[in-house]
$ cat run14.cif   # mmCIF, C-alpha atoms and all ligand atoms
data_target
#
loop_
_atom_site.label_atom_id
_atom_site.label_comp_id
_atom_site.auth_asym_id
_atom_site.auth_seq_id
_atom_site.Cartn_x
_atom_site.Cartn_y
_atom_site.Cartn_z
CA MET A 453 0.00 0.00 0.00
CA SER A 454 1.41 3.41 -0.92
CA PHE A 455 1.95 6.09 1.68
CA VAL A 456 -0.83 8.24 0.23
CA SER A 457 -3.35 5.42 0.13
CA SER A 458 -2.56 4.38 3.69
CA LEU A 459 -3.08 7.96 4.78
CA LYS A 460 -6.38 8.01 2.93
CA LYS A 461 -7.37 4.85 4.69
CA PHE A 462 -6.48 6.28 8.06
CA PHE A 463 -8.53 9.41 7.53
CA SER A 464 -11.39 7.72 5.74
CA PRO A 465 -14.81 8.29 7.29
CA ARG A 466 -15.02 4.53 7.86
CA ARG A 467 -12.95 5.03 10.97
CA ARG A 468 -15.55 7.28 12.51
CA ILE A 469 -17.01 5.80 15.64
CA ILE A 470 -20.78 5.81 15.79
CA GLY A 471 -22.11 5.73 19.34
CA THR A 472 -25.45 4.82 20.89
CA THR A 473 -26.14 8.49 21.69
CA ASP A 474 -25.85 9.50 18.03
CA LEU A 475 -28.04 6.63 16.90
CA ARG A 476 -30.73 7.34 19.49
CA ARG A 477 -30.77 11.02 18.55
CA ALA A 478 -30.99 10.07 14.87
CA LEU A 479 -34.04 7.90 15.51
CA LYS A 480 -35.67 10.55 17.69
CA ASN A 481 -34.99 13.49 15.34
CA ASN A 482 -35.90 11.72 12.10
CA GLU A 483 -32.38 11.95 10.75
CA PHE A 484 -32.91 8.66 8.94
CA VAL A 485 -34.63 9.47 5.67
CA PHE A 486 -35.80 7.23 2.88
CA TYR A 487 -35.12 7.66 -0.78
CA TYR A 488 -36.93 5.54 -3.32
CA GLN A 489 -35.45 4.21 -6.53
CA PRO A 490 -37.84 2.92 -9.22
CA GLU A 491 -37.61 -0.60 -10.61
CA TRP A 492 -38.56 -0.73 -14.30
CA ASP A 493 -40.04 -3.42 -16.47
CA LEU A 494 -37.56 -3.44 -19.35
CA LYS A 495 -40.11 -4.83 -21.80
CA THR A 496 -42.90 -2.30 -21.25
CA GLY A 497 -40.88 0.64 -19.90
CA GLU A 498 -43.16 0.89 -16.86
CA VAL A 499 -42.23 1.42 -13.23
CA LYS A 500 -43.31 -1.67 -11.29
CA GLY A 501 -42.18 -0.74 -7.81
CA VAL A 502 -39.59 1.07 -5.75
CA GLU A 503 -36.68 0.10 -3.54
CA ALA A 504 -36.36 1.97 -0.26
CA LEU A 505 -32.80 3.23 0.31
CA ILE A 506 -32.09 4.79 3.65
CA ARG A 507 -29.76 7.74 4.31
CA TRP A 508 -28.60 9.12 7.58
CA GLU A 509 -28.55 12.89 7.33
CA SER A 510 -26.60 13.49 10.52
CA PRO A 511 -25.51 16.95 11.71
CA ASN A 512 -21.98 15.90 10.70
CA GLY A 513 -22.98 15.04 7.14
CA ILE A 514 -24.39 12.06 5.35
CA ILE A 515 -23.38 8.68 6.74
CA PRO A 516 -23.86 5.69 4.43
CA PRO A 517 -25.89 2.65 5.55
CA ALA A 518 -22.82 0.42 5.22
CA GLU A 519 -21.54 2.26 8.30
CA PHE A 520 -24.55 2.84 10.47
CA ILE A 521 -26.47 -0.42 9.98
CA PRO A 522 -23.59 -2.41 11.56
CA ALA A 523 -23.52 0.20 14.35
CA LEU A 524 -27.27 -0.26 14.94
CA GLU A 525 -26.69 -4.01 15.03
CA GLN A 526 -23.78 -3.86 17.44
CA THR A 527 -25.60 -1.58 19.86
CA GLY A 528 -28.81 -3.62 19.71
CA LEU A 529 -30.69 -0.53 18.52
CA ILE A 530 -31.57 -2.41 15.36
CA ASN A 531 -34.59 -3.71 17.31
CA GLU A 532 -35.88 -0.17 17.51
CA PHE A 533 -34.91 0.57 13.95
CA THR A 534 -36.81 -2.34 12.32
CA PRO A 535 -40.30 -1.13 13.38
CA PHE A 536 -39.39 2.37 12.21
CA LEU A 537 -38.22 0.98 8.84
CA PHE A 538 -41.49 -0.80 8.10
CA ASP A 539 -43.67 1.94 9.52
CA GLN A 540 -42.00 4.59 7.39
CA THR A 541 -41.77 2.69 4.11
CA LEU A 542 -45.30 1.31 4.25
CA HIS A 543 -46.63 4.71 5.25
CA ASP A 544 -44.94 6.06 2.13
CA LEU A 545 -46.33 3.23 0.00
CA ARG A 546 -49.81 4.21 1.21
CA GLU A 547 -49.03 7.80 0.13
CA LEU A 548 -48.07 6.50 -3.31
CA TYR A 549 -51.38 4.64 -3.49
CA GLN A 550 -53.23 7.79 -2.48
CA ALA A 551 -51.42 9.66 -5.24
CA GLY A 552 -52.89 7.14 -7.67
CA PHE A 553 -49.98 4.72 -8.04
CA ASP A 554 -51.67 1.76 -6.44
CA HIS A 555 -50.01 -0.93 -8.54
CA LEU A 556 -46.53 -0.39 -7.12
CA PHE A 557 -44.62 -2.66 -4.78
CA MET A 558 -42.25 -1.57 -2.02
CA SER A 559 -38.92 -3.31 -1.63
CA VAL A 560 -37.01 -3.06 1.63
CA ASN A 561 -33.47 -4.23 2.45
CA LEU A 562 -33.08 -6.51 5.45
CA SER A 563 -29.85 -7.59 7.09
CA VAL A 564 -29.22 -11.04 8.49
CA VAL A 565 -29.29 -9.64 12.03
CA GLN A 566 -32.83 -8.36 11.47
CA LEU A 567 -33.83 -11.92 10.58
CA HIS A 568 -32.81 -12.99 14.10
CA ASP A 569 -35.52 -10.82 15.64
CA PRO A 570 -38.31 -13.14 16.82
CA LEU A 571 -40.73 -10.19 16.50
CA LEU A 572 -39.95 -9.47 12.85
CA LEU A 573 -43.11 -10.99 11.38
CA ASP A 574 -45.31 -9.26 13.98
CA ILE A 575 -43.64 -5.93 13.29
CA ILE A 576 -44.23 -6.27 9.56
CA ARG A 577 -47.81 -7.45 9.92
CA LYS A 578 -48.61 -4.55 12.20
CA SER A 579 -47.40 -2.00 9.65
CA LEU A 580 -49.14 -3.80 6.77
CA ASP A 581 -52.37 -3.66 8.79
CA ASN A 582 -51.88 -0.04 9.82
CA TYR A 583 -51.60 1.15 6.25
CA ALA A 584 -53.91 -1.47 4.73
CA ILE A 585 -51.24 -2.87 2.42
CA MET A 586 -51.49 -6.36 0.94
CA PRO A 587 -48.47 -8.49 1.93
CA GLU A 588 -47.88 -9.28 -1.77
CA LYS A 589 -46.94 -5.63 -2.26
CA LEU A 590 -44.01 -5.90 0.11
CA GLU A 591 -40.65 -7.36 -0.87
CA CYS A 592 -37.73 -8.04 1.42
CA GLU A 593 -34.28 -7.98 -0.15
CA ILE A 594 -31.71 -10.23 1.41
CA THR A 595 -28.01 -10.22 0.64
CA GLU A 596 -26.18 -13.42 1.29
CA THR A 597 -23.29 -12.66 3.62
CA LYS A 598 -20.51 -14.57 5.29
CA SER A 599 -22.00 -13.72 8.65
CA MET A 600 -24.93 -16.08 8.36
CA ASP A 601 -24.23 -17.49 11.78
CA LYS A 602 -27.67 -18.95 12.48
CA PRO A 603 -28.70 -20.22 9.06
CA GLU A 604 -31.54 -22.33 10.40
CA LEU A 605 -33.16 -19.45 12.25
CA GLU A 606 -32.62 -17.19 9.26
CA PHE A 607 -34.24 -19.61 6.85
CA GLN A 608 -37.10 -20.22 9.27
CA THR A 609 -37.81 -16.49 9.45
CA LEU A 610 -37.65 -16.17 5.67
CA GLN A 611 -40.02 -19.10 5.32
CA GLN A 612 -42.40 -17.39 7.76
CA LEU A 613 -42.37 -14.25 5.63
CA ARG A 614 -43.10 -16.31 2.53
CA ASP A 615 -45.91 -18.17 4.27
CA ASN A 616 -47.41 -14.75 4.92
CA HIS A 617 -47.25 -13.88 1.19
CA ILE A 618 -44.41 -11.40 1.57
CA LYS A 619 -42.03 -11.59 -1.38
CA LEU A 620 -38.31 -12.23 -1.09
CA SER A 621 -35.57 -11.13 -3.41
CA ILE A 622 -31.93 -12.10 -3.53
CA ASP A 623 -29.95 -8.86 -3.52
CA ASP A 624 -26.49 -8.18 -4.98
CA PHE A 625 -26.35 -11.61 -6.61
CA GLY A 626 -22.84 -12.48 -7.73
CA SER A 627 -21.10 -10.14 -5.27
CA GLY A 628 -18.55 -11.41 -2.80
CA HIS A 629 -20.29 -13.99 -0.72
CA SER A 630 -23.06 -15.39 -2.82
CA SER A 631 -23.29 -19.09 -3.20
CA PHE A 632 -26.02 -21.25 -4.62
CA ASN A 633 -27.68 -22.03 -1.29
CA TYR A 634 -30.00 -19.07 -1.51
CA LEU A 635 -31.03 -19.89 -5.03
CA LYS A 636 -31.87 -23.44 -4.06
CA ASP A 637 -33.57 -22.90 -0.74
CA LEU A 638 -34.98 -19.42 -0.47
CA ASN A 639 -38.03 -19.72 -2.71
CA ALA A 640 -37.44 -16.16 -3.73
CA HIS A 641 -39.43 -14.17 -6.23
CA LYS A 642 -36.69 -12.05 -7.75
CA LEU A 643 -32.97 -12.16 -8.43
CA LYS A 644 -31.16 -8.81 -8.37
CA ILE A 645 -27.86 -8.99 -10.23
CA ASP A 646 -25.11 -6.98 -8.55
CA LYS A 647 -24.27 -3.71 -10.28
CA GLU A 648 -20.61 -4.74 -10.74
CA PHE A 649 -21.74 -7.16 -13.44
CA ILE A 650 -23.65 -4.47 -15.30
CA GLN A 651 -20.84 -1.96 -15.01
CA SER A 652 -18.27 -4.37 -16.42
CA LEU A 653 -20.64 -5.89 -18.99
CA PHE A 654 -18.74 -4.68 -22.06
CA ASP A 655 -15.22 -4.98 -20.64
CA LYS A 656 -14.68 -8.38 -22.20
CA PRO A 657 -16.82 -10.85 -24.15
CA ALA A 658 -16.82 -13.39 -21.31
CA ASN A 659 -18.80 -10.92 -19.16
CA GLU A 660 -21.66 -10.92 -21.64
CA THR A 661 -21.64 -14.72 -21.59
CA ILE A 662 -21.74 -14.74 -17.79
CA MET A 663 -24.63 -12.26 -17.77
CA ARG A 664 -26.65 -14.35 -20.24
CA THR A 665 -26.00 -17.38 -18.06
CA ILE A 666 -27.18 -15.62 -14.87
CA ILE A 667 -30.35 -14.43 -16.64
CA GLY A 668 -30.96 -18.00 -17.85
CA LEU A 669 -30.30 -19.41 -14.39
CA GLY A 670 -32.79 -17.01 -12.83
CA HIS A 671 -35.43 -17.83 -15.40
CA SER A 672 -34.97 -21.56 -15.06
CA LEU A 673 -35.70 -21.11 -11.35
CA ASN A 674 -38.80 -19.04 -12.20
CA LEU A 675 -37.34 -15.86 -10.78
CA ILE A 676 -37.83 -12.36 -12.08
CA VAL A 677 -34.35 -11.18 -13.07
CA LEU A 678 -33.41 -7.57 -12.35
CA ALA A 679 -30.18 -5.77 -13.32
CA GLU A 680 -28.96 -3.22 -10.76
CA GLY A 681 -26.91 -0.12 -11.50
CA ILE A 682 -27.86 0.45 -15.17
CA GLU A 683 -26.13 3.69 -16.14
CA THR A 684 -26.17 3.74 -19.94
CA SER A 685 -28.54 3.22 -22.83
CA ALA A 686 -26.23 0.53 -24.23
CA GLN A 687 -26.49 -1.48 -21.02
CA GLU A 688 -30.27 -1.11 -20.98
CA GLN A 689 -30.64 -2.21 -24.59
CA TRP A 690 -28.34 -5.19 -24.18
CA LEU A 691 -30.19 -6.35 -21.08
CA ARG A 692 -33.59 -5.98 -22.73
CA LYS A 693 -32.43 -7.89 -25.83
CA ASN A 694 -31.02 -10.63 -23.67
CA GLY A 695 -34.26 -11.17 -21.77
CA CYS A 696 -33.52 -9.46 -18.46
CA ASP A 697 -36.94 -8.61 -16.96
CA TYR A 698 -36.39 -5.58 -14.76
CA GLY A 699 -33.82 -2.81 -14.46
CA GLN A 700 -32.82 -0.22 -11.91
CA GLY A 701 -30.16 2.45 -11.99
CA PHE A 702 -29.16 6.06 -12.61
CA TRP A 703 -30.03 5.65 -16.32
CA PHE A 704 -33.70 5.53 -15.31
CA SER A 705 -33.69 7.40 -12.05
CA ARG A 706 -31.61 8.13 -8.98
CA PRO A 707 -33.11 7.32 -5.59
CA LEU A 708 -35.61 10.14 -4.85
CA PRO A 709 -37.37 11.53 -1.77
CA LEU A 710 -41.08 10.61 -1.73
CA THR A 711 -42.42 13.94 -3.04
CA MET A 712 -39.92 13.96 -5.89
CA LEU A 713 -40.74 10.35 -6.66
CA ILE A 714 -44.43 11.25 -7.00
CA SER A 715 -43.61 14.12 -9.41
CA PHE A 716 -41.33 11.80 -11.33
CA LEU A 717 -44.03 9.14 -11.64
CA ARG A 718 -46.58 11.76 -12.78
CA ALA A 719 -44.20 13.08 -15.45
CA GLN A 720 -43.53 9.52 -16.51
CA GLU A 721 -47.25 8.86 -16.85
CA ASP A 722 -47.76 12.01 -18.94
CA GLN A 723 -44.92 10.99 -21.20
CA THR A 724 -46.41 7.52 -21.73
CA ASN A 725 -49.82 9.06 -22.51
CA THR A 726 -48.33 11.56 -24.95
CA SER A 727 -46.31 8.95 -26.80
CA TYR A 728 -49.40 6.74 -26.91
CA GLN A 729 -51.47 9.56 -28.44
CA SER A 730 -48.81 10.44 -30.96
CA GLU A 731 -48.68 6.81 -32.05
CA LYS A 732 -52.45 6.81 -32.76
O1 LIG A 801 -27.05 -3.25 -1.93
P1 LIG A 801 -28.09 -2.54 -2.76
O2 LIG A 801 -28.21 -3.09 -4.14
O3 LIG A 801 -29.43 -2.48 -2.07
O4 LIG A 801 -27.54 -1.05 -2.88
C1 LIG A 801 -28.12 -0.09 -3.68
C2 LIG A 801 -27.10 1.05 -3.81
O5 LIG A 801 -26.75 1.25 -5.16
C3 LIG A 801 -27.62 2.39 -3.31
O6 LIG A 801 -26.63 3.00 -2.53
C4 LIG A 801 -27.88 3.18 -4.59
O7 LIG A 801 -27.76 4.57 -4.42
C5 LIG A 801 -26.83 2.63 -5.51
N1 LIG A 801 -27.18 2.75 -6.93
C6 LIG A 801 -28.41 2.67 -7.46
N2 LIG A 801 -28.36 2.80 -8.81
C7 LIG A 801 -27.06 2.97 -9.14
C8 LIG A 801 -26.37 3.17 -10.38
O8 LIG A 801 -26.94 3.21 -11.47
N3 LIG A 801 -25.01 3.28 -10.31
C9 LIG A 801 -24.33 3.21 -9.13
N4 LIG A 801 -23.01 3.34 -9.17
N5 LIG A 801 -24.95 3.05 -7.94
C10 LIG A 801 -26.31 2.92 -7.93
MN MN A 802 -31.10 -3.74 -2.44
#
$ encode --input "run14.cif" --output "structure tokens"
Amino acid sequence: MSFVSSLKKFFSPRRRIIGTTDLRRALKNNEFVFYYQPEWDLKTGEVKGVEALIRWESPNGIIPPAEFIPALEQTGLINEFTPFLFDQTLHDLRELYQAGFDHLFMSVNLSVVQLHDPLLLDIIRKSLDNYAIMPEKLECEITETKSMDKPELEFQTLQQLRDNHIKLSIDDFGSGHSSFNYLKDLNAHKLKIDKEFIQSLFDKPANETIMRTIIGLGHSLNLIVLAEGIETSAQEQWLRKNGCDYGQGFWFSRPLPLTMLISFLRAQEDQTNTSYQSEK
């Protein structure tokens, strides 16, 4: 490691220590805010649902989830965070319905630690009830990690969610830790291909072959296949031609706060109507 890069590492924000006091204040003062990124049907060009992406807007700047979720887990505050997560996102889904977008699904990221919470299903069902949301409209995204220390409990919880008609998706497929266990055993609904694969799609011909194979694998397991991190028209076109079902990424839309999402969806609808009329 060079001197400069070791210095960078030393001063990187990753070394910041996040304490219980900060996390409690964040929960109390609504410093955790949700952004929503649309998921598109590549065949029809329609938005099918949104993924909730959380940000911590702390007084010291924005702290990424990769830092504060582990801190919530280590302090045990994750048990207070989970009810907040479902309350907020399903409240916002209800707002989307009230704005006329009642076909959309909401997709939420869950960590393995959250699957250890014996109250998880109750928490989710309470929020679904509160906002009168059908369980089919909720998706939980799970990333396979090395830290699956209680696989039986984790699978049992996931099975419980499925039994209650909540959908599961395999997140970041192909990144670091993924194996084939999830594909075999999870009974998921959707496979989200890690953005690394999309970003390196045209680097060498083998990458295109690998992508076709992953799409085929997903389809042979009856999964909806989604490509994450689409940033260019060329990527979108290639994925559509090669049968990828859904797409997500900056090419379509960045993650947006709820009010901006609603404006975006309205503009999108107008555009579809206009192009429909001009085709007639
Ligand atoms: O692990 P998960 O796939 O849930 O993470 C989603 C992350 O990817 C978010 O931080 C989101 O902002 C980011 N993201 C979404 N779309 C794009 C994209 O097109 N390009 C890049 N580089 N990042 C993206
Ligand atoms: Mn995700």
$ closest_residue --input "run14.cif" --among "A:Pro490, A:Gly670, A:Pro709, A:Pro511" --to "ligand MN 802 (chain A)" --atoms "only C-alpha atoms and all ligand atoms"
A:Pro490
$ residues_near_ligand --input "run14.cif" --ligand "ligand MN 802 (chain A)" --cutoff "10 Å" --atoms "all atoms listed in the file" --output "list in words"
Gln489, Glu503, Ala504, Leu505, Ser559, Val560, Asn561, Leu562, Cys592, Glu593, Ile594, Thr595, Ser621, Ile622, Asp623, Asp624, Lys644, Ile645, Asp646 and Glu680 of chain A
$ closest_atom_pairs --input "run14.cif" --of "chain A" --to "ligand LIG 801 (chain A)" --cutoff "6 Å" --atoms "all atoms listed in the file" --output "Markdown table"
| residue | atom | partner | partner_atom | distance |
| --- | --- | --- | --- | --- |
| A:Asp624 | CA | A:LIG801 | O2 | 5.4 |
| A:Gly681 | CA | A:LIG801 | O8 | 3.3 |
| A:Ile682 | CA | A:LIG801 | O8 | 4.7 |
| A:Glu683 | CA | A:LIG801 | O8 | 4.8 |
| A:Gly701 | CA | A:LIG801 | O8 | 3.3 |
| A:Phe702 | CA | A:LIG801 | O8 | 3.8 |
$ write_last_selection --input "run14.cif" --atoms "C-alpha atoms" --output "PDB file, keeping the file's coordinate frame"
ATOM      1  CA  ASP A 624     -26.490  -8.180  -4.980  1.00  0.00           C
ATOM      2  CA  GLY A 681     -26.910  -0.120 -11.500  1.00  0.00           C
ATOM      3  CA  ILE A 682     -27.860   0.450 -15.170  1.00  0.00           C
ATOM      4  CA  GLU A 683     -26.130   3.690 -16.140  1.00  0.00           C
ATOM      5  CA  GLY A 701     -30.160   2.450 -11.990  1.00  0.00           C
ATOM      6  CA  PHE A 702     -29.160   6.060 -12.610  1.00  0.00           C
TER       7      PHE A 702
END
$ atom_distance --input "run14.cif" --atom1 "CA of Leu479 (chain A)" --atom2 "CA of Arg546 (chain A)"
21.6 Å
$ residues_near_point --input "run14.cif" --point "(-20.3, -10.2, -4.8)" --cutoff "10 Å" --atoms "only C-alpha atoms" --output "ChimeraX atom specification"
/A:595-597,623-631,645-649
$ residues_near_point --input "run14.cif" --point "(-38.5, -3.0, -19.6)" --cutoff "7 Å" --atoms "all atoms listed in the file" --output "ChimeraX atom specification"
/A:492-498,692,697-699
$ closest_residue --input "run14.cif" --among "A:Val564, A:Leu572, A:Ala584, A:Ile714" --to "Asp601 (chain A)" --atoms "all atoms listed in the file"
A:Val564
$ closest_residue --input "run14.cif" --among "A:Gln651, A:Asn633, A:Ser579, A:Gln720" --to "Pro535 (chain A)" --atoms "all atoms listed in the file"
A:Ser579
$ closest_residue --input "run14.cif" --among "A:Gln700, A:Thr472, A:Ser652, A:Asn639" --to "Leu673 (chain A)" --atoms "all atoms listed in the file"
A:Asn639
$ closest_residue --input "run14.cif" --among "A:Asn482, A:Lys693, A:Gln687, A:Met586" --to "Asp655 (chain A)" --atoms "only C-alpha atoms"
A:Gln687
$ decode --input "run14.cif" --residues "region 625-712 of chain A" --atoms "C-alpha atoms" --output "mmCIF file, in the first residue's frame"
data_model
loop_
_atom_site.group_PDB
_atom_site.id
_atom_site.type_symbol
_atom_site.label_atom_id
_atom_site.label_comp_id
_atom_site.auth_asym_id
_atom_site.auth_seq_id
_atom_site.Cartn_x
_atom_site.Cartn_y
_atom_site.Cartn_z
ATOM 1 C CA PHE A 625 -26.348 -11.606 -6.607
ATOM 2 C CA GLY A 626 -22.843 -12.478 -7.728
ATOM 3 C CA SER A 627 -21.105 -10.144 -5.272
ATOM 4 C CA GLY A 628 -18.548 -11.409 -2.797
ATOM 5 C CA HIS A 629 -20.289 -13.994 -0.721
ATOM 6 C CA SER A 630 -23.062 -15.390 -2.823
ATOM 7 C CA SER A 631 -23.290 -19.093 -3.199
ATOM 8 C CA PHE A 632 -26.020 -21.252 -4.619
ATOM 9 C CA ASN A 633 -27.679 -22.028 -1.287
ATOM 10 C CA TYR A 634 -30.005 -19.069 -1.509
ATOM 11 C CA LEU A 635 -31.032 -19.893 -5.031
ATOM 12 C CA LYS A 636 -31.869 -23.439 -4.056
ATOM 13 C CA ASP A 637 -33.565 -22.905 -0.739
ATOM 14 C CA LEU A 638 -34.979 -19.418 -0.472
ATOM 15 C CA ASN A 639 -38.031 -19.719 -2.706
ATOM 16 C CA ALA A 640 -37.441 -16.158 -3.733
ATOM 17 C CA HIS A 641 -39.428 -14.171 -6.233
ATOM 18 C CA LYS A 642 -36.690 -12.045 -7.748
ATOM 19 C CA LEU A 643 -32.969 -12.156 -8.432
ATOM 20 C CA LYS A 644 -31.164 -8.807 -8.367
ATOM 21 C CA ILE A 645 -27.861 -8.989 -10.227
ATOM 22 C CA ASP A 646 -25.109 -6.981 -8.548
ATOM 23 C CA LYS A 647 -24.266 -3.714 -10.278
ATOM 24 C CA GLU A 648 -20.613 -4.743 -10.738
ATOM 25 C CA PHE A 649 -21.739 -7.163 -13.444
ATOM 26 C CA ILE A 650 -23.652 -4.471 -15.298
ATOM 27 C CA GLN A 651 -20.841 -1.959 -15.014
ATOM 28 C CA SER A 652 -18.266 -4.374 -16.422
ATOM 29 C CA LEU A 653 -20.642 -5.890 -18.994
ATOM 30 C CA PHE A 654 -18.740 -4.676 -22.058
ATOM 31 C CA ASP A 655 -15.215 -4.981 -20.636
ATOM 32 C CA LYS A 656 -14.684 -8.384 -22.204
ATOM 33 C CA PRO A 657 -16.823 -10.849 -24.152
ATOM 34 C CA ALA A 658 -16.819 -13.385 -21.310
ATOM 35 C CA ASN A 659 -18.796 -10.917 -19.163
ATOM 36 C CA GLU A 660 -21.664 -10.921 -21.643
ATOM 37 C CA THR A 661 -21.639 -14.718 -21.587
ATOM 38 C CA ILE A 662 -21.739 -14.736 -17.789
ATOM 39 C CA MET A 663 -24.628 -12.256 -17.771
ATOM 40 C CA ARG A 664 -26.645 -14.353 -20.243
ATOM 41 C CA THR A 665 -26.001 -17.377 -18.060
ATOM 42 C CA ILE A 666 -27.180 -15.625 -14.873
ATOM 43 C CA ILE A 667 -30.353 -14.433 -16.638
ATOM 44 C CA GLY A 668 -30.963 -18.004 -17.847
ATOM 45 C CA LEU A 669 -30.301 -19.412 -14.394
ATOM 46 C CA GLY A 670 -32.790 -17.011 -12.827
ATOM 47 C CA HIS A 671 -35.430 -17.829 -15.396
ATOM 48 C CA SER A 672 -34.974 -21.559 -15.064
ATOM 49 C CA LEU A 673 -35.696 -21.105 -11.352
ATOM 50 C CA ASN A 674 -38.802 -19.042 -12.203
ATOM 51 C CA LEU A 675 -37.341 -15.860 -10.780
ATOM 52 C CA ILE A 676 -37.832 -12.358 -12.084
ATOM 53 C CA VAL A 677 -34.353 -11.180 -13.066
ATOM 54 C CA LEU A 678 -33.406 -7.569 -12.348
ATOM 55 C CA ALA A 679 -30.185 -5.772 -13.322
ATOM 56 C CA GLU A 680 -28.965 -3.217 -10.763
ATOM 57 C CA GLY A 681 -26.907 -0.125 -11.505
ATOM 58 C CA ILE A 682 -27.858 0.450 -15.165
ATOM 59 C CA GLU A 683 -26.133 3.692 -16.138
ATOM 60 C CA THR A 684 -26.171 3.737 -19.943
ATOM 61 C CA SER A 685 -28.541 3.225 -22.835
ATOM 62 C CA ALA A 686 -26.231 0.534 -24.233
ATOM 63 C CA GLN A 687 -26.493 -1.476 -21.023
ATOM 64 C CA GLU A 688 -30.266 -1.113 -20.979
ATOM 65 C CA GLN A 689 -30.638 -2.213 -24.590
ATOM 66 C CA TRP A 690 -28.342 -5.186 -24.183
ATOM 67 C CA LEU A 691 -30.189 -6.353 -21.078
ATOM 68 C CA ARG A 692 -33.587 -5.980 -22.729
ATOM 69 C CA LYS A 693 -32.430 -7.890 -25.828
ATOM 70 C CA ASN A 694 -31.024 -10.634 -23.669
ATOM 71 C CA GLY A 695 -34.259 -11.175 -21.769
ATOM 72 C CA CYS A 696 -33.521 -9.455 -18.461
ATOM 73 C CA ASP A 697 -36.940 -8.615 -16.957
ATOM 74 C CA TYR A 698 -36.392 -5.578 -14.764
ATOM 75 C CA GLY A 699 -33.822 -2.807 -14.460
ATOM 76 C CA GLN A 700 -32.821 -0.218 -11.905
ATOM 77 C CA GLY A 701 -30.156 2.451 -11.994
ATOM 78 C CA PHE A 702 -29.162 6.061 -12.613
ATOM 79 C CA TRP A 703 -30.025 5.646 -16.320
ATOM 80 C CA PHE A 704 -33.698 5.533 -15.315
ATOM 81 C CA SER A 705 -33.685 7.402 -12.053
ATOM 82 C CA ARG A 706 -31.612 8.125 -8.979
ATOM 83 C CA PRO A 707 -33.113 7.323 -5.588
ATOM 84 C CA LEU A 708 -35.613 10.136 -4.849
ATOM 85 C CA PRO A 709 -37.368 11.529 -1.769
ATOM 86 C CA LEU A 710 -41.081 10.615 -1.730
ATOM 87 C CA THR A 711 -42.421 13.943 -3.038
ATOM 88 C CA MET A 712 -39.915 13.959 -5.894
#
